[in-house]
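For reference, the structure discussed in these notes is given below.
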Amino acid sequence: MSLENSRHVEALRRDLSREETGRRLMAWIEKLYPIPRSITGPGLRRTLEWIQERLPDLERREAPTGTKVLDWEVPREWRVREAWIRDPSGRKLADFDEHNLHLVGYSVPVDREVERAELEEHLHSLPEHPDWIPYRTSYYSETWGFCLTHRQREALPEGIYRVRIDSELVSGALSWGELVLPGREEGEILLSCHVCHPSLANDNLSSLAVAVALAGQLGELQDRRWTYRFLFVPGTIGAITWLASNRETVARIRAGLVLANLGDCGGFTYKRTHSGTAWIDRVMERLSAETGTSFEHRPFSPFGYDERQYNSPGFRLPVGRLTRTPHGEYPEYHTSADDLSLVEPEALAGSLDLLLAAAEILEGDDVYRNLAPYGEPQLGRRGLYRSLGGGTEGRERELALLWVLNQSDGGPGLLEIAARAGLPFRRIREAAAALVDAELLVPGAP
Amino acid sequence: MSLENSRHVEALRRDLSREETGRRLMAWIEKLYPIPRSITGPGLRRTLEWIQERLPDLERREAPTGTKVLDWEVPREWRVREAWIRDPSGRKLADFDEHNLHLVGYSVPVDREVERAELEEHLHSLPEHPDWIPYRTSYYSETWGFCLTHRQREALPEGIYRVRIDSELVSGALSWGELVLPGREEGEILLSCHVCHPSLANDNLSSLAVAVALAGQLGELQDRRWTYRFLFVPGTIGAITWLASNRETVARIRAGLVLANLGDCGGFTYKRTHSGTAWIDRVMERLSAETGTSFEHRPFSPFGYDERQYNSPGFRLPVGRLTRTPHGEYPEYHTSADDLSLVEPEALAGSLDLLLAAAEILEGDDVYRNLAPYGEPQLGRRGLYRSLGGGTEGRERELALLWVLNQSDGGPGLLEIAARAGLPFRRIREAAAALVDAELLVPGAP
Amino acid sequence: MSLENSRHVEALRRDLSREETGRRLMAWIEKLYPIPRSITGPGLRRTLEWIQERLPDLERREAPTGTKVLDWEVPREWRVREAWIRDPSGRKLADFDEHNLHLVGYSVPVDREVERAELEEHLHSLPEHPDWIPYRTSYYSETWGFCLTHRQREALPEGIYRVRIDSELVSGALSWGELVLPGREEGEILLSCHVCHPSLANDNLSSLAVAVALAGQLGELQDRRWTYRFLFVPGTIGAITWLASNRETVARIRAGLVLANLGDCGGFTYKRTHSGTAWIDRVMERLSAETGTSFEHRPFSPFGYDERQYNSPGFRLPVGRLTRTPHGEYPEYHTSADDLSLVEPEALAGSLDLLLAAAEILEGDDVYRNLAPYGEPQLGRRGLYRSLGGGTEGRERELALLWVLNQSDGGPGLLEIAARAGLPFRRIREAAAALVDAELLVPGAP
């Protein structure tokens, strides 16, 4: 049964055209890029609506401002109508309508004249990248500010500036999206990405698009072994809000991934779960051995994206994190230079393919038991072995049969056997299927 | 007691002349080389008779054709009177009498004329080694075939060929030899080598000869700690047949080695048991640290020689495999070039010496308990320590005494202590003997 | 509480002037250097008196000759009034008054004339270092001897020599010093150095001086977590005598260090405890990661200084050994060249600083429990986190907070967390203190 599920995912992967997939995901990102998202508010809602158009089973959820969630509280909702600065000559600059990074996220309303010196205390720019606008937020501390290029900032003349931020912080709600693809077995696979960043492409529209495509693919399967749960949440507070109200669900999570930065041209970086030896950690290890691409593994550390929350001591969920280049390790990170040009269609398609490869293992990995454990069973008589002996050993198919037979004592599962044999998981799965057909193997420990 | 046993094996090793031993073993191989062996039949029986001449206590056993053995069945017995091809000009070629590799093992009887095209389907040669005859068998699938040099094959003219194989596949028996050297303790050491290959020298007359010599040496001991069981079996089916009827014996096996390819000039390669941490694995690790020669350790894999059967999930016997160059890793493997010239007398003697060194450890390794565990006992007063202090430390003998005293808390045995100390096992054993004499040490955990 | 203790030790370290400390310790060593020490006798007593002048709480203890101690017996006391040789021309040489290494330790009384040939059997010199006098003793075997430079020895003319050793071996006592600095908790930290060597500076006046300074520093603390026990003992027999009469004390030892050779200009070498994974082993690992200096770690071996006794199977105390260059690994070891010029004031001060750094960890390492384990607690609201998000992550202070929160599930303590985080222990301790203040953390496992 699991072997078939795994084979079905393999078929999905084989049918996928990388080129067309990359183009489709890129088009999605272009559409979503201009929307001014934050951890609450209309931009976030519009983004979730867009996801729902593609994944009609997506449930859109809200938690009202003031709701107690773990150690936190759902903040007020932030809405912006307009925001800009006028210089002494009356010229508009740092206009929110022009680029939504110009306004510090969660800026309180302001409408007054200030000296340049006072204005300076509310400006953010990047001297080392004088043409980029930085991304700044201040969710939990009441203040206001503007981000602009350093070149722009240095050219500001002395004089009186007019500052206008027509925003409001009101009692509203925190929004997120959740899609559940039910499966046969009790366990769940969690896939989580943050959707709160405004016009930043790699972080994190790339992963949003890949997750939507993955959900679409897995939704096409007739029969699934596991339940797949996709979360599209505002960073930190979204994951915390979800965790606060899903204590029973988390007990069913067998594996999970936080997805971020899946569109740049870097290799993969996998960050392990807290224990470092969870099932998903071993799946990722195998995938990096099987794929020829660059694939770095890092130990868990308690900072980064929402894996921080999932791996906190009270939860310790087996959730790792998959990125291409991690946050803070590419110069464009959290600046206006993380734009559409940073994302490659091929990288997006490759990320989707890797996640399907992971699903192929998750669906198919299981423990089997050799029914003829005393000595080797005679494979030749069952048509599973070359009849003519004496030549140099070694066809991969036969090796896989021997590995599965020798290791299936109720201990290691197929993934572990693939790792010990140094053979692709698919080869081991196929060997298991042939041995089950030959009635030499049954699922389950003794 | 064990210490004495170990000392006796050391004495055997010291008395062995490497040169004379090498010459003797080489002469044996020359004698056995021409016999046309297979997994059953007269050639195999003749080989076992020869072993019995050297080891009179050898028991020759047979299992009748059709006996159910684990998942297998004892095959029919194969006998060949003559086998050859006559080319269109009447010239005989691929004559079994000339070289027994010419005939595919277990070929069914044939006596007819065939076109060259049909004949081609039954021919085997090695384009990459045009002067060598390959070795091929077809034990479990009824067919026939001839092996010849590629040069010969390419010179075959068009026309009608006469093919004659005067063989028969009859109800008979599978033969093997078994020698038991009884010991004081309950446990057994298994030494197994395959004896079914025809004129191939390194694989496996080399190990047959080394095993016969080893059995002779160990047989000379007055008192043995362990029972040593030597198996001379046809590959795969022989080991399976033995396992099928020795369920009680296998429960007593504490360590074992499959022996193969012990005559070529390569270094040693040891293949670990299934667990990788069995006693014999640690013995071999120590030996490779003590001997200066090249010594590679490999993890278990479920293909190779009869270690496959001994390590199958139902048995999981602690049996590793010792070879010099492993099968398939020298170009002459399973060809006519694996002839007498491939085997070196010195390599044979060195292999025997290594096996005796292993026996020296197996006989002597035991757990001891320090009777004066609080602080160091005063060795000087017992004549075990230099009286004049202050010079640079370090004589190996004293270090060994201190290591044995410090480690003998009922946990690690002498082998493990030797490994931790980085000292030769013999040195540690001698220290233990001196401490037992001084009544500072007794065998056994607390 | 422990956090405060650790902070107090840090303050001690910060207040220490390395230069002044080095000068003070060097002056002590110069004072102690000429005293003719042995494992018993007046020189040893004078040394202990000197320590007591600096550490008034030091207890001076004695065990009478003949006392049974573990497997040993307290030897007779050795006293020397004079010792010399007169050559045939009447010239005095190897005069004990001139250099106390000239006389083999524990030499029996002699007063007679001998031929040069007989004398030679009682002489020790170093051909490879012809200008150095070797250090030799013969505590447990009655003999006599002189040590001299090889150049001197080679110039000895034929003839009759007068030998005079006015020594006595009498019923007396073995002396040692013990200082206990009581602490709040039940456990003890043992610091042990040997004090039996005569005019040898690095081995071991260097460590004697460092230990006296360390005891002085730790004695200044108002409140200590652990009891610190300093032993100033004759090598081997002193440690054995102490162990024999302190069975209850040893049960309280949580960590310990044998100190030796702490004055030469080499890097540190730490020798692990028997288990290799004791608390002190992990403390030393962290210190070597935090300090930039050369720091080698070695496994336990049952020879060296008194760690041999503390780690014997009956005790297995978690006592490692800290040296700079280990015994026998510098050419001047146990010769007259291990004199004042071998010891560097800066090295002495650096050794003291390292031991204080170890105490800083020992006092402060504890297991804590996160009181808000579900998700991350909101640090911003508690003033523990930067309010403005979006910039590049990473200030060490915040990382430390997140590490402590994430890891404090009752498992790893602060030292282990520092190791996993790759952050200095002090940083982790400060984070823990801030979290305790914020009521997010409490000591103790659940």
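Quick note on naming: the chains in the structure tokens go A, B, ... in the order shown, residues restart at 1 in each chain, and ligands are numbered from 1 in order of appearance.
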
Given a cut-off of 8 Å, which residues of chain C touch chain B, counting only C-alpha atoms, written out as a JSON list (two decimals) with N, CA and C atoms, in the first residue's frame?
[["chain", "number", "residue", "atom", "x", "y", "z"],
["C", 70, "LEU", "N", 46.17, 1.54, 52.08],
["C", 70, "LEU", "CA", 45.79, 0.73, 50.91],
["C", 70, "LEU", "C", 46.77, -0.43, 50.77],
["C", 71, "ASP", "N", 47.37, -0.61, 49.59],
["C", 71, "ASP", "CA", 48.31, -1.72, 49.41],
["C", 71, "ASP", "C", 49.72, -1.37, 49.89],
["C", 72, "TRP", "N", 49.91, -0.17, 50.42],
["C", 72, "TRP", "CA", 51.24, 0.32, 50.75],
["C", 72, "TRP", "C", 51.43, 0.48, 52.26],
["C", 135, "TYR", "N", 67.95, 13.64, 38.09],
["C", 135, "TYR", "CA", 67.25, 13.48, 39.37],
["C", 135, "TYR", "C", 66.86, 12.02, 39.50],
["C", 136, "ARG", "N", 67.35, 11.37, 40.57],
["C", 136, "ARG", "CA", 67.06, 9.95, 40.78],
["C", 136, "ARG", "C", 66.65, 9.72, 42.23],
["C", 137, "THR", "N", 65.74, 8.72, 42.41],
["C", 137, "THR", "CA", 65.34, 8.36, 43.77],
["C", 137, "THR", "C", 65.27, 6.84, 43.87],
["C", 138, "SER", "N", 65.28, 6.36, 45.08],
["C", 138, "SER", "CA", 65.13, 4.92, 45.30],
["C", 138, "SER", "C", 64.39, 4.71, 46.62],
["C", 139, "TYR", "N", 63.11, 5.13, 46.59],
["C", 139, "TYR", "CA", 62.33, 5.14, 47.83],
["C", 139, "TYR", "C", 62.13, 3.75, 48.44],
["C", 140, "TYR", "N", 61.92, 2.77, 47.58],
["C", 140, "TYR", "CA", 61.43, 1.50, 48.13],
["C", 140, "TYR", "C", 62.43, 0.37, 47.97],
["C", 141, "SER", "N", 63.70, 0.73, 47.74],
["C", 141, "SER", "CA", 64.73, -0.29, 47.61],
["C", 141, "SER", "C", 66.00, 0.29, 48.22],
["C", 240, "ILE", "N", 48.08, 8.24, 48.05],
["C", 240, "ILE", "CA", 47.57, 6.96, 48.56],
["C", 240, "ILE", "C", 47.23, 7.08, 50.04],
["C", 243, "LEU", "N", 44.02, 9.07, 50.29],
["C", 243, "LEU", "CA", 42.86, 8.28, 49.85],
["C", 243, "LEU", "C", 42.47, 7.25, 50.91],
["C", 301, "SER", "N", 45.38, 7.76, 30.66],
["C", 301, "SER", "CA", 46.28, 6.61, 30.61],
["C", 301, "SER", "C", 46.76, 6.40, 32.04],
["C", 302, "PRO", "N", 47.01, 5.16, 32.41],
["C", 302, "PRO", "CA", 47.28, 4.90, 33.84],
["C", 302, "PRO", "C", 48.73, 5.12, 34.24],
["C", 303, "PHE", "N", 49.35, 6.19, 33.74],
["C", 303, "PHE", "CA", 50.65, 6.57, 34.25],
["C", 303, "PHE", "C", 50.75, 8.08, 34.19],
["C", 308, "ARG", "N", 46.73, 8.83, 38.50],
["C", 308, "ARG", "CA", 46.78, 7.36, 38.52],
["C", 308, "ARG", "C", 46.02, 6.81, 39.72],
["C", 309, "GLN", "N", 46.26, 7.42, 40.87],
["C", 309, "GLN", "CA", 45.66, 6.92, 42.11],
["C", 309, "GLN", "C", 44.18, 7.29, 42.17],
["C", 310, "TYR", "N", 43.88, 8.55, 41.84],
["C", 310, "TYR", "CA", 42.49, 9.02, 41.95],
["C", 310, "TYR", "C", 41.58, 8.28, 40.97],
["C", 311, "ASN", "N", 42.14, 7.85, 39.84],
["C", 311, "ASN", "CA", 41.34, 7.16, 38.83],
["C", 311, "ASN", "C", 41.46, 5.64, 38.90],
["C", 312, "SER", "N", 42.04, 5.11, 39.97],
["C", 312, "SER", "CA", 42.17, 3.65, 40.09],
["C", 312, "SER", "C", 40.77, 3.04, 40.21],
["C", 313, "PRO", "N", 40.64, 1.74, 39.85],
["C", 313, "PRO", "CA", 39.29, 1.16, 39.73],
["C", 313, "PRO", "C", 38.45, 1.26, 41.00],
["C", 314, "GLY", "N", 39.06, 1.24, 42.15],
["C", 314, "GLY", "CA", 38.28, 1.32, 43.38],
["C", 314, "GLY", "C", 37.72, 2.72, 43.62],
["C", 315, "PHE", "N", 38.38, 3.74, 43.09],
["C", 315, "PHE", "CA", 37.94, 5.12, 43.33],
["C", 315, "PHE", "C", 37.26, 5.74, 42.11],
["C", 328, "GLY", "N", 58.35, 14.50, 31.05],
["C", 328, "GLY", "CA", 59.04, 13.66, 30.08],
["C", 328, "GLY", "C", 59.01, 14.21, 28.67],
["C", 334, "HIS", "N", 63.20, 16.44, 35.03],
["C", 334, "HIS", "CA", 63.94, 15.63, 36.00],
["C", 334, "HIS", "C", 65.45, 15.74, 35.85]]

task = Write out as JSON, numbers by chain all residues of segment 199-440 of chain C that backbone DSSP assigns to strand (DSSP E or B).
result = {"C": [227, 228, 229, 230, 231, 232, 233, 253, 254, 255, 256, 257, 258, 259, 268, 269, 270, 271, 295, 296, 297, 298, 319, 320, 321, 322, 323, 335, 367, 368, 369, 370, 389, 409, 410, 411, 412, 413]}

message = Residues near Ser288 of chain B, anyone? I mean within 10 Å using only C-alpha atoms, not counting same-chain ones fewer than 6 positions away, as a list in words.
response =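 Once the adjacent positions are removed, what remains is Phe268, Thr269, Tyr270, Arg282, Ser294, Phe295, Glu296, His297 and Leu354 of chain B.
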
Each segment 273-352 of chain C residue no farther than 10 Å from segment 174-198 of chain C, nearest pair in Å, only C-alpha atoms, as a Markdown table:
| residue | atom | partner | partner_atom | distance |
| --- | --- | --- | --- | --- |
| C:Ile280 | CA | C:Ile189 | CA | 9.7 |
| C:Tyr305 | CA | C:His194 | CA | 8.2 |
| C:Asp306 | CA | C:His194 | CA | 7.9 |
| C:Glu307 | CA | C:Ser192 | CA | 9.0 |
| C:Leu317 | CA | C:Leu190 | CA | 9.6 |
| C:Pro318 | CA | C:Leu190 | CA | 9.3 |
| C:Val319 | CA | C:Leu190 | CA | 7.6 |
| C:Gly320 | CA | C:Leu191 | CA | 9.8 |
| C:Arg321 | CA | C:Ser192 | CA | 9.3 |
| C:His334 | CA | C:His197 | CA | 9.2 |

request  = Step one, run DSSP on the backbone; step two, keep only residues of segment 238-286 of chain C assigned to alpha helix (DSSP H); then write them as a list in words.
outcome  =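 Put together, the selection reads Gly238, Ala239, Ile240, Thr241, Trp242, Leu243, Ala244, Arg247, Glu248, Thr249, Val250, Trp279, Ile280, Asp281, Arg282, Val283, Met284, Glu285 and Arg286 of chain C.
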
Could you save those same residues with N, CA and C atoms as a CSV table (one decimal), in the first residue's frame?
chain,number,residue,atom,x,y,z
C,238,GLY,N,51.8,10.0,49.0
C,238,GLY,CA,51.0,11.0,49.7
C,238,GLY,C,49.5,10.9,49.2
C,239,ALA,N,49.3,10.7,47.9
C,239,ALA,CA,47.9,10.6,47.4
C,239,ALA,C,47.3,9.3,48.0
C,240,ILE,N,48.1,8.2,48.0
C,240,ILE,CA,47.6,7.0,48.6
C,240,ILE,C,47.2,7.1,50.0
C,241,THR,N,48.1,7.8,50.8
C,241,THR,CA,47.8,7.9,52.2
C,241,THR,C,46.5,8.7,52.4
C,242,TRP,N,46.4,9.8,51.6
C,242,TRP,CA,45.2,10.6,51.8
C,242,TRP,C,43.9,9.8,51.4
C,243,LEU,N,44.0,9.1,50.3
C,243,LEU,CA,42.9,8.3,49.9
C,243,LEU,C,42.5,7.3,50.9
C,244,ALA,N,43.5,6.7,51.5
C,244,ALA,CA,43.2,5.6,52.5
C,244,ALA,C,42.4,6.1,53.7
C,247,ARG,N,37.8,8.0,52.8
C,247,ARG,CA,36.7,7.3,52.0
C,247,ARG,C,35.4,8.1,51.9
C,248,GLU,N,35.1,8.8,53.0
C,248,GLU,CA,33.8,9.5,53.0
C,248,GLU,C,34.0,10.8,52.1
C,249,THR,N,35.1,11.4,52.2
C,249,THR,CA,35.4,12.6,51.5
C,249,THR,C,35.3,12.3,50.0
C,250,VAL,N,35.9,11.3,49.5
C,250,VAL,CA,36.0,11.0,48.1
C,250,VAL,C,34.6,10.8,47.5
C,279,TRP,N,32.4,15.8,34.1
C,279,TRP,CA,32.1,17.2,34.1
C,279,TRP,C,33.4,18.0,33.9
C,280,ILE,N,34.4,17.7,34.6
C,280,ILE,CA,35.7,18.5,34.4
C,280,ILE,C,36.2,18.3,33.0
C,281,ASP,N,36.0,17.2,32.4
C,281,ASP,CA,36.4,17.0,31.0
C,281,ASP,C,35.7,18.0,30.1
C,282,ARG,N,34.4,18.2,30.3
C,282,ARG,CA,33.7,19.1,29.5
C,282,ARG,C,34.0,20.5,29.8
C,283,VAL,N,34.3,20.8,31.1
C,283,VAL,CA,34.7,22.2,31.4
C,283,VAL,C,36.0,22.5,30.6
C,284,MET,N,36.9,21.6,30.6
C,284,MET,CA,38.2,21.8,30.0
C,284,MET,C,38.0,21.9,28.4
C,285,GLU,N,37.1,21.2,27.9
C,285,GLU,CA,36.8,21.3,26.5
C,285,GLU,C,36.3,22.7,26.1
C,286,ARG,N,35.4,23.2,26.9
C,286,ARG,CA,34.9,24.5,26.7
C,286,ARG,C,35.9,25.5,26.8

task = Identify, on the basis of only C-alpha atoms, every residue whose closest approach to Arg153 of chain C does not exceed 10 Å; exclude the query and any residue fewer than 5 positions from it along the same chain; express the result as a ChimeraX atom specification.
result = /C:93-94,120,123-127,130,147-148

Atoms to include: N, CA and C atoms. Write the selected residues as a compact mmCIF listing (two decimals), in the first residue's frame.
# COMPACT_ATOMS: atom_id res chain seq x y z
N LEU C 93 83.33 16.37 45.52
CA LEU C 93 82.44 16.53 44.37
C LEU C 93 81.08 15.93 44.72
N ALA C 94 80.09 16.24 43.86
CA ALA C 94 78.72 15.77 44.07
C ALA C 94 78.25 16.08 45.49
N GLU C 120 81.48 3.66 40.31
CA GLU C 120 80.75 3.82 39.03
C GLU C 120 79.35 3.21 39.08
N LEU C 123 76.83 5.71 40.31
CA LEU C 123 76.77 7.05 39.71
C LEU C 123 75.73 7.11 38.60
N HIS C 124 75.10 8.28 38.46
CA HIS C 124 74.12 8.51 37.39
C HIS C 124 74.44 9.82 36.70
N SER C 125 74.46 9.79 35.37
CA SER C 125 74.69 11.01 34.61
C SER C 125 73.97 10.88 33.27
N LEU C 126 73.98 11.96 32.49
CA LEU C 126 73.23 11.99 31.24
C LEU C 126 74.17 12.26 30.07
N PRO C 127 74.65 11.23 29.40
CA PRO C 127 75.60 11.45 28.30
C PRO C 127 75.05 12.43 27.26
N PRO C 130 75.53 16.59 28.82
CA PRO C 130 76.70 16.40 29.69
C PRO C 130 76.85 17.45 30.80
N CYS C 147 74.33 11.58 41.73
CA CYS C 147 74.08 12.06 40.38
C CYS C 147 75.04 13.21 40.12
N LEU C 148 75.59 13.22 38.92
CA LEU C 148 76.50 14.31 38.59
C LEU C 148 76.47 14.56 37.10

query = Quick one, how far is atom CA of Glu30 of chain C from atom CA of Ala201 of chain C?
reply =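 Interatomic distance here is 8.5 Å.
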
ask   = Nearest to Ala431 of chain B among B:Arg397, B:His8, B:Arg91, B:Arg76, with distances taken over only C-alpha atoms: which residue is it?
value =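 Closest to Ala431 of chain B of all the choices is B:Arg397.
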